[in-house]
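Peer 1: Following this message is one structure expressed as structure tokens.
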Amino acid sequence: MGRPKKFNRDEAVVTVMNEIWEHGYDASSTKALSEKLGITRSSFYNAFGSREELFLEIIEAYNGPTPDRNWFPINETSSVLKAITTGLREICKTRADDNAARGCLLINSITELVSKNQHLGPAIADVFSTNIRYLETLLNVAVERGEIDEGDLRIKARALQSVLIGLNVMSKVIRDEDELWATTKHSLQALELYRE
């Protein structure tokens, strides 16, 4: 009889993340995830604590170690608006290239878990609050560099977050990169955040 395959926790986290990303949190029961990993439920609990604890770990891993993980990288002299435009153009490409049309794991989790799961909902909502603060900081840099006028940057940051959410949801239905980009570009132009 061969030796049992060694359990690799890091690989298991990625496997579970992809299962939840594809099927949703509620559809990914502990039993189903244990079977996918080839371990018993007891081993699952020993390795991860609980399904909720594991998903919190997945949220952190998916979102990156810091909230300012450079979605739209800039340096001391680069254009903030150009970085936003280029970054969103790349997101359109990434979403169109995803044959499974998964969208964003965290955005998918908003409607499934926020206001419905007392443990995971607040964690997901906090990620989006952090993202809005990041976008507001980025727009403040754009004001300092004379790229946009000073105004209610928090509202503009929320609107930009809405563009990101809308793009990710829309990409599940609209699979053409050019169509995704045309819609996104129009939104950026309306927000006066577009720069070629």
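Each chain in the structure tokens gets a letter, A, B and so on, in the order shown; residues start at 1 in every chain, and ligands are counted from 1 in the order they appear.
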Env of A:Ser187: 12 Å cut, atoms = only C-alpha atoms, seq-sep filter 4 positions within chain, self excluded. Answer as a list of chain:residue names.

Peer 2: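 The residues that qualify are A:Thr85, A:Leu88, A:Lys156, A:Ala159, A:Leu160, A:Gln161, A:Ser162, A:Val163, A:Leu164, A:Gly166, A:Leu167, A:Leu180, A:Trp181, A:Ala182, A:Thr183, A:Leu191, A:Glu192, A:Leu193, A:Tyr194.
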
Peer 1: For the selection you just gave me, I'd like the residues written to a file as a PDB file, in the first residue's frame, keeping C-alpha atoms.

Peer 2:
```pdb
ATOM      1  CA  THR A  85      -7.357  54.227 -17.053  1.00  0.00           C
ATOM      2  CA  LEU A  88      -9.223  49.421 -15.585  1.00  0.00           C
ATOM      3  CA  LYS A 156     -15.920  60.205  -6.552  1.00  0.00           C
ATOM      4  CA  ALA A 159     -18.376  56.110  -7.836  1.00  0.00           C
ATOM      5  CA  LEU A 160     -15.085  54.624  -9.018  1.00  0.00           C
ATOM      6  CA  GLN A 161     -15.634  51.640  -6.703  1.00  0.00           C
ATOM      7  CA  SER A 162     -19.085  51.273  -8.294  1.00  0.00           C
ATOM      8  CA  VAL A 163     -17.443  51.172 -11.722  1.00  0.00           C
ATOM      9  CA  LEU A 164     -15.201  48.337 -10.499  1.00  0.00           C
ATOM     10  CA  GLY A 166     -20.252  46.957 -12.137  1.00  0.00           C
ATOM     11  CA  LEU A 167     -17.427  45.869 -14.427  1.00  0.00           C
ATOM     12  CA  LEU A 180     -16.418  45.870 -21.424  1.00  0.00           C
ATOM     13  CA  TRP A 181     -13.832  48.549 -22.051  1.00  0.00           C
ATOM     14  CA  ALA A 182     -16.216  50.796 -24.030  1.00  0.00           C
ATOM     15  CA  THR A 183     -18.639  50.830 -21.091  1.00  0.00           C
ATOM     16  CA  LEU A 191     -16.426  60.897 -13.807  1.00  0.00           C
ATOM     17  CA  GLU A 192     -13.719  63.014 -15.502  1.00  0.00           C
ATOM     18  CA  LEU A 193     -11.145  60.360 -14.591  1.00  0.00           C
ATOM     19  CA  TYR A 194     -10.205  59.167 -18.081  1.00  0.00           C
TER      20      TYR A 194
END
```

Peer 1: Could you pull out the helix (DSSP H, G or I) residues of stretch 66-170 of chain A from DSSP and send them as an NGL selection string?

Peer 2: :A and (80-97 or 105-113 or 120-144 or 153-170)

Peer 1: From the set A:Arg51, A:Arg175, A:Arg41, A:Arg195, which residue has the shortest atom-to-atom contact distance to A:Ile148, counting only C-alpha atoms?

Peer 2: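 Closest residue, counting only C-alpha atoms: A:Arg195.
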
Peer 1: Just checking: using only C-alpha atoms, which residue out of A:Ser28, A:Thr77, A:Leu56, A:Ile39 ends up closest to A:Gly146?

Peer 2: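 Going through A:Ser28, A:Thr77, A:Leu56, A:Ile39 one by one, the smallest distance to A:Gly146 is for A:Thr77.
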
Peer 1: Quick one: pull the distance between atom CA of A:Ser171 and atom CA of A:Ala142, Å, one decimal.

Peer 2: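 Atom CA of A:Ala142 lies 28.0 Å from atom CA of A:Ser171.
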
Peer 1: To one decimal in Å, tell me the separation between atom CA of A:Arg102 and atom CA of A:Ile132.

Peer 2: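 Pair atom CA of A:Arg102 / atom CA of A:Ile132 returns 22.5 Å.
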
Peer 1: Taking 3 positions as the minimum chain separation for residues in the same chain, which residues sit within 12 Å of A:Arg133 when counting only C-alpha atoms? Answer as a PDB file with N, CA and C atoms, in the first residue's frame.

Peer 2:
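Just written: out.pdb:
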```pdb
ATOM      1  N   PRO A  67      -3.927  47.135   2.011  1.00  0.00           N
ATOM      2  CA  PRO A  67      -5.031  47.677   1.215  1.00  0.00           C
ATOM      3  C   PRO A  67      -4.564  48.459  -0.004  1.00  0.00           C
ATOM      4  N   ASP A  68      -3.358  49.045   0.056  1.00  0.00           N
ATOM      5  CA  ASP A  68      -2.870  49.827  -1.083  1.00  0.00           C
ATOM      6  C   ASP A  68      -1.938  48.970  -1.937  1.00  0.00           C
ATOM      7  N   ASP A 126     -15.853  45.585   5.195  1.00  0.00           N
ATOM      8  CA  ASP A 126     -14.661  46.327   5.600  1.00  0.00           C
ATOM      9  C   ASP A 126     -13.646  46.420   4.465  1.00  0.00           C
ATOM     10  N   VAL A 127     -13.516  45.358   3.679  1.00  0.00           N
ATOM     11  CA  VAL A 127     -12.612  45.393   2.520  1.00  0.00           C
ATOM     12  C   VAL A 127     -13.029  46.509   1.573  1.00  0.00           C
ATOM     13  N   PHE A 128     -14.332  46.635   1.340  1.00  0.00           N
ATOM     14  CA  PHE A 128     -14.791  47.662   0.409  1.00  0.00           C
ATOM     15  C   PHE A 128     -14.639  49.063   0.988  1.00  0.00           C
ATOM     16  N   SER A 129     -14.809  49.218   2.281  1.00  0.00           N
ATOM     17  CA  SER A 129     -14.548  50.518   2.915  1.00  0.00           C
ATOM     18  C   SER A 129     -13.078  50.886   2.780  1.00  0.00           C
ATOM     19  N   THR A 130     -12.204  49.895   2.966  1.00  0.00           N
ATOM     20  CA  THR A 130     -10.765  50.116   2.818  1.00  0.00           C
ATOM     21  C   THR A 130     -10.430  50.481   1.377  1.00  0.00           C
ATOM     22  N   GLU A 136      -9.825  57.119  -2.575  1.00  0.00           N
ATOM     23  CA  GLU A 136      -9.890  58.532  -2.178  1.00  0.00           C
ATOM     24  C   GLU A 136      -8.480  59.104  -2.021  1.00  0.00           C
ATOM     25  N   THR A 137      -7.580  58.327  -1.434  1.00  0.00           N
ATOM     26  CA  THR A 137      -6.184  58.760  -1.296  1.00  0.00           C
ATOM     27  C   THR A 137      -5.559  58.969  -2.668  1.00  0.00           C
ATOM     28  N   LEU A 138      -5.812  58.060  -3.579  1.00  0.00           N
ATOM     29  CA  LEU A 138      -5.291  58.169  -4.940  1.00  0.00           C
ATOM     30  C   LEU A 138      -5.816  59.429  -5.624  1.00  0.00           C
ATOM     31  N   LEU A 139      -7.104  59.709  -5.452  1.00  0.00           N
ATOM     32  CA  LEU A 139      -7.685  60.900  -6.062  1.00  0.00           C
ATOM     33  C   LEU A 139      -7.138  62.180  -5.425  1.00  0.00           C
ATOM     34  N   ASN A 140      -6.810  62.125  -4.148  1.00  0.00           N
ATOM     35  CA  ASN A 140      -6.159  63.274  -3.504  1.00  0.00           C
ATOM     36  C   ASN A 140      -4.818  63.573  -4.160  1.00  0.00           C
ATOM     37  N   LEU A 153     -14.182  64.125  -2.955  1.00  0.00           N
ATOM     38  CA  LEU A 153     -13.419  62.989  -3.455  1.00  0.00           C
ATOM     39  C   LEU A 153     -13.942  61.664  -2.909  1.00  0.00           C
ATOM     40  N   ARG A 154     -14.577  61.710  -1.745  1.00  0.00           N
ATOM     41  CA  ARG A 154     -15.137  60.461  -1.205  1.00  0.00           C
ATOM     42  C   ARG A 154     -16.266  59.954  -2.115  1.00  0.00           C
ATOM     43  N   ILE A 155     -17.106  60.876  -2.581  1.00  0.00           N
ATOM     44  CA  ILE A 155     -18.185  60.489  -3.503  1.00  0.00           C
ATOM     45  C   ILE A 155     -17.591  59.962  -4.804  1.00  0.00           C
ATOM     46  N   LYS A 156     -16.553  60.642  -5.305  1.00  0.00           N
ATOM     47  CA  LYS A 156     -15.920  60.205  -6.552  1.00  0.00           C
ATOM     48  C   LYS A 156     -15.254  58.838  -6.361  1.00  0.00           C
ATOM     49  N   ALA A 157     -14.648  58.616  -5.196  1.00  0.00           N
ATOM     50  CA  ALA A 157     -14.031  57.315  -4.910  1.00  0.00           C
ATOM     51  C   ALA A 157     -15.097  56.221  -4.862  1.00  0.00           C
ATOM     52  N   ARG A 158     -16.244  56.530  -4.255  1.00  0.00           N
ATOM     53  CA  ARG A 158     -17.348  55.554  -4.230  1.00  0.00           C
ATOM     54  C   ARG A 158     -17.854  55.262  -5.634  1.00  0.00           C
ATOM     55  N   LEU A 160     -16.099  55.450  -8.363  1.00  0.00           N
ATOM     56  CA  LEU A 160     -15.085  54.624  -9.018  1.00  0.00           C
ATOM     57  C   LEU A 160     -15.167  53.183  -8.528  1.00  0.00           C
ATOM     58  N   GLN A 161     -15.427  52.994  -7.232  1.00  0.00           N
ATOM     59  CA  GLN A 161     -15.634  51.640  -6.703  1.00  0.00           C
ATOM     60  C   GLN A 161     -16.860  51.004  -7.361  1.00  0.00           C
TER      61      GLN A 161
END
```

Peer 1: Do you have the atom CA of A:Pro73-atom CA of A:Thr86 distance handy?

Peer 2: 9.7 Å

Peer 1: Closest to A:Tyr134 among A:Asn117, A:Lys172, A:Arg89, A:Trp71, using only C-alpha atoms?

Peer 2: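 Closest residue, counting only C-alpha atoms: A:Trp71.
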
Peer 1: Given the choices A:Ile59, A:Ile124, A:Val114, A:Ala27, which gets closest to A:Val13 if the distance is worked out from only C-alpha atoms?

Peer 2: A:Ile59

Peer 1: Need the shell around A:Arg145: protein/DNA/RNA residues with any atom at most 12 Å away, counting only C-alpha atoms. Skip same-chain ones fewer than 4 positions apart. Format as a PyMOL selection string?

Peer 2: chain A and resi 74-81+138-141+149-150

Peer 1: Need the shell around A:Phe48: protein/DNA/RNA residues with any atom at most 10 Å away, counting only C-alpha atoms. Skip same-chain ones fewer than 6 positions apart. Format as a PyMOL selection string?

Peer 2: chain A and resi 9+12-13+54-55+57

Peer 1: Between A:Leu105, A:Ala83, A:Ile165, A:Ile110, which one has atoms that come closest to A:Glu60, using only C-alpha atoms?

Peer 2: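 Going through A:Leu105, A:Ala83, A:Ile165, A:Ile110 one by one, the smallest distance to A:Glu60 is for A:Leu105.
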